[in-house]
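**Student:** I'd like to ask some things about the structure below.
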Amino acid sequence: MSEKKIAGGTAQGTLPRSAKRSAWNRGEVVTAYLFLLPLLVGIALFFIVPIAQTIGYSFTKWKGVGIPEFIGLRNYVKLFTRDSKFSMELKNSLVFVLGSIPATLAVSVIIAAMMNGKVKGQSFYRTVYFLPNVTMVAVVVMIWRWLLSTQYGVVDTVLDKLFGIRPAWLSDTSLTMLSMCIISIWSGAGYCIVILLAGLQNISDTYYEAARIDGANGVQQFFKITIPLLTPTLFFLLVTRVIAGFNQFDLVYMLADGPGPIQNSLRTLVFGIYQSGFQEFAMGYACAKAVILFLIIMVVTFLQTMGEKHWVHY
């Protein structure tokens, strides 16, 4: 009798439990993709399609309007053989990244470690350090133009009193890149400090207590415990800040008043893309520069990811 009921139930269309679970899983997958659909459409429209168009336009002669004229690899040949400005832009971008990113991370780690202890007014200091990161670049540059002024700047006044020198930070082409790196470190350290503080607070006090029992001093604890356990946060900051460094534009635009030696000593790859595309109206040539920048960032990020396993401790 029970077998007949079971058979009847099966005949009436009752699904086995595994089939019900499979149908439920399919429904969850469909629901998940429906929720992801707006994001996927946005990525396709605003990232994938523009990248594909940029690569396509890099093989053309185009002024930004009209019908592009296909010219093959001529833009790329010109970049590497006849354009001295491009080599200058590439060199300046590399110098800026190597000169500002390591210093920013080093300063940020030291300040974050000092603030991680029992410091009165910790929220106030976090706000003060983070404030330059949310301040308009125009305001930041105006502040530093006043600080680095040869005639009445605070920095040169102090250096003159101590050492009798007044460097021309913003008019000497041998110092302009150093000045831009200093401004970048000052304005970008706040973001790194806040992220590093979050990483430091995830380190258990147990490690430090065990180190103190073993007789380790503060310096040994910093280099043997803090730095190794902070490497995942440092890796995240290194990747994101290097990408931001290669995309530097606003400081160059604000510090260089116009065409001339000062602009040439500061111009980066992104500034060159802007100038080629929107000032010289060589949009196809600007797209070729953008493709080169994209490849550089992709290779550098890939190398950072490959080297992660050698120094990042999770």
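Simple scheme: letters A, B, ... for chains in structure tokens order, numbers from 1 for residues in each chain, numbers from 1 for ligands in the order shown.
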Give me the residues near segment 211-228 of chain A as a PyMOL selection string, where near means some atom within 9 Å (using only C-alpha atoms) and where sequence neighbours in that chain fewer than 6 positions away do not count.

**Tutor:** chain A and resi 109+113+200+203+234+311-314

**Student:** With C-alpha atoms kept, could you save the residues just selected as an mmCIF file, in the first residue's frame?

**Tutor:**
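again.cif, written as the output of this step:
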```cif
data_model
loop_
_atom_site.group_PDB
_atom_site.id
_atom_site.type_symbol
_atom_site.label_atom_id
_atom_site.label_comp_id
_atom_site.auth_asym_id
_atom_site.auth_seq_id
_atom_site.Cartn_x
_atom_site.Cartn_y
_atom_site.Cartn_z
ATOM 1 C CA VAL A 109 53.696 53.721 8.333
ATOM 2 C CA ALA A 113 52.393 53.391 14.189
ATOM 3 C CA LEU A 200 47.381 47.989 12.741
ATOM 4 C CA ILE A 203 47.115 42.955 14.843
ATOM 5 C CA LEU A 234 50.966 47.740 2.425
ATOM 6 C CA TRP A 311 56.975 39.365 0.962
ATOM 7 C CA VAL A 312 53.276 39.545 1.910
ATOM 8 C CA HIS A 313 52.314 37.550 5.021
ATOM 9 C CA TYR A 314 48.642 36.715 5.555
#
```

**Student:** As a count of residues only, please: all residues of segment 29-100 of chain A that backbone DSSP puts in alpha helix (DSSP H).

**Tutor:** 49

**Student:** What separation in Å, quoted to one decimal, exists between atom CA of Lys289 of chain A and atom CA of Ile182 of chain A?

**Tutor:**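 Interatomic distance, atom CA of Lys289 of chain A to atom CA of Ile182 of chain A: 26.7 Å.
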
**Student:** With a distance cut-off of 6 Å and only C-alpha atoms, select the neighbouring residues of segment 172-175 of chain A, excluding the residue or stretch itself and same-chain residues fewer than 4 positions from it, and output the selection as a ChimeraX atom specification.

**Tutor:** /A:168,262,265

**Student:** Using atom CA of Gly272 of chain A and atom CA of Phe235 of chain A as the two end points, give the distance in Å to one decimal.

**Tutor:**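 Taking atom CA of Gly272 of chain A and atom CA of Phe235 of chain A, their separation equals 28.8 Å.
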
**Student:** Rank A:Phe96, A:Tyr285, A:Phe35, A:Phe236 by their smallest atom-to-atom distance to Gly64 of chain A, using only C-alpha atoms, and report the top residue only.

**Tutor:**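 The answer is A:Tyr285, which sits nearest to Gly64 of chain A.
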
**Student:** Could you state the separation of atom CA of Thr268 of chain A and atom CA of Asn92 of chain A in Å, given to one decimal place?

**Tutor:**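 Straight-line distance from atom CA of Thr268 of chain A to atom CA of Asn92 of chain A works out to 5.7 Å.
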
**Student:** Any idea what's packed within 12 Å of Lys78 of chain A, counting only C-alpha atoms, ignoring anything in its chain fewer than 6 positions away? Could you give it as a list of chain:residue names?

**Tutor:** A:Ser58, A:Phe59, A:Ile71, A:Gly72, A:Ser84, A:Lys85, A:Phe86, A:Ser87, A:Gly284, A:Tyr285, A:Ala286, A:Ala288, A:Lys289

**Student:** Taking only C-alpha atoms into account, which of A:Val291, A:Met283, A:Val65, A:Leu269 comes nearest Ala52 of chain A?

**Tutor:**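 Nearest to Ala52 of chain A: A:Val291.
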
**Student:** Show me, as a list of chain:residue names, the residues that have an atom within 12 Å of Ile67 of chain A when counting only C-alpha atoms, minus same-chain residues fewer than 4 positions from it.

**Tutor:**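 Once the adjacent positions are removed, what remains is A:Tyr57, A:Thr60, A:Lys61, A:Trp62, A:Lys63, A:Met283, A:Gly284.
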
**Student:** Write out as JSON, numbers by chain the residues lying within 10 Å of Ser93 of chain A, counting only C-alpha atoms and excluding same-chain residues fewer than 3 positions away.

**Tutor:** {"A": [87, 88, 89, 90, 96, 97, 98, 99, 245, 246, 247, 248, 266, 267, 268, 269, 270, 271]}

**Student:** Tell me, as number ranges by chain, which residues lie within 9 Å of Trp144 of chain A, counting only C-alpha atoms; anything in the same chain fewer than 6 positions away does not count.

**Tutor:** A: 153, 179, 183
